[in-house]
Structures are given as C-alpha cells and as structure tokens.
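I have placed the structure first, in the form of structure tokens, so that the comments after it can refer back to it.
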Amino acid sequence: MAPIKVGDKIPAGLTFVATTNSGDVNACAIPKQLKSEDVLGSGKIVLFAVPGAFTPTCHLQHLPGYVKHADAFKAKGVSNIYVTSTNDIFVLDAWAKHEKADGKVSVLADGNGEFAKAVGMHLDLSGNKMGADRTKRYALIIENGVVTYVGEGDVDVSGAEAVLTKL
C-alpha cells in the first residue's frame, strides 16, 4: 500500500489498544480497545510512530521531545498527542511511565501492525531480529480525521520540533 499523504482520511475500523490506568508506575496497564476513527477522527491530533519503545532513537530523542513540548502543542490547538508502535500495550505503558508522559503523550498499541499496514507505514525488521511487523518512524498532523502533514523518516521530519513548525 502507498503511504498515507496529505488530504487522505484516516482509515476507519482499525483497532488500537490503549490503557485506562493513571500514570502510577506501580500499576499494570489495563487494556482498552479503541477504534481509529474514535481516537483520530475529530479535533487537531498529532500522531507519531516509532519502530519500538526503548529503542535508542525512539527512547532518547523521539518521545522525550513530545513530552518536553506538550504545552507548546496545546498552545497551537492540538487536543491530543499520541505515540503508536507495534509493541504491546504493556511495553508502551511502561515506556510512557518511565518517560513521565502521563497527561502529555498517550500511547496507542498497534500490536499486529494493522494501522501501520493500512497507512502504508509497515516496516519489516526481521533482518535485524526485531520482527516482521514494525512501524516506520513518522508523524502525522490530523484535523478532523484528515491528514494535513506527513513527516516520514528521522527526527528531523517526525520529531516534536519539526512537527511544531508545521502547525
């Protein structure tokens, strides 16, 4: 599938797994399934994707930038910032807690890579022994379910600072 582009609607009917617990570091994630259209279909949303939680670039550069600049995103009218990965919700929840992202960046697990495949951002890292179902590194700005920005690639186009300049 061709990668999603500006002007495309977010695909409907796909399931993410989120967590319903607070940022309590001692609490395990309580999984909750959410439909893509319910999460990404209204308001101004920033969704960024990483190949894996706790991997070097994702952990040291990608998520921390969004946590650091969460208030700047809110000031530009962004209602929610989400990070997605093909990790399971328990790994993503632990990563968000470790990075103190609660209330700033919410996690959406795409464990089977359904969303990544549907938006043309699937990545096979089996050659690196990281699994066949991963997601590329990218960021989207979505307004009422329609993509207004696509930054596919390194942090210089998908990181918080780059995305802020596109709002």
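Lettering and numbering for the structure tokens are positional, with chains as A, B, ... in the shown order, residues counted from 1 in each chain, and ligands counted from 1 in the shown order.
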
(request) Considering only C-alpha atoms, return as a ChimeraX atom specification whatever protein or nucleic-acid residues lie within 12 Å of region 91-106 of chain A, sequence-local ones (same chain, fewer than 5 positions apart) excluded. (result) /A:16-31,39,45-55,58-74,78-86,111,160

(message) Quick check for you: according to DSSP on this backbone, which residues of chain A are classed as strand (DSSP E)? Reply as a ChimeraX atom specification.
(response) /A:15-19,31-35,44-49,80-85,106-109,122-123,134-135,138-143,146-152

(request) Kindly give the distance, in Å, that separates CA of Ala116 (chain A) and CA of Asp154 (chain A), rounded to a single decimal. (result) 16.7 Å

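Atom pair CA of Gly77 (chain A) / CA of Lys9 (chain A): separated by 19.7 Å.
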
(request) State, in Å with one decimal place, the distance from CA of Asp133 (chain A) to CA of Lys5 (chain A). (result) 21.2 Å

(request) Identify which of the residues A:Lys44, A:Lys166, A:Arg137, A:Lys35 lies closest to Gly153 (chain A), counting only C-alpha atoms when measuring atom-to-atom distances. (result)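 Of A:Lys44, A:Lys166, A:Arg137, A:Lys35, the one nearest Gly153 (chain A), counting only C-alpha atoms, is A:Arg137.
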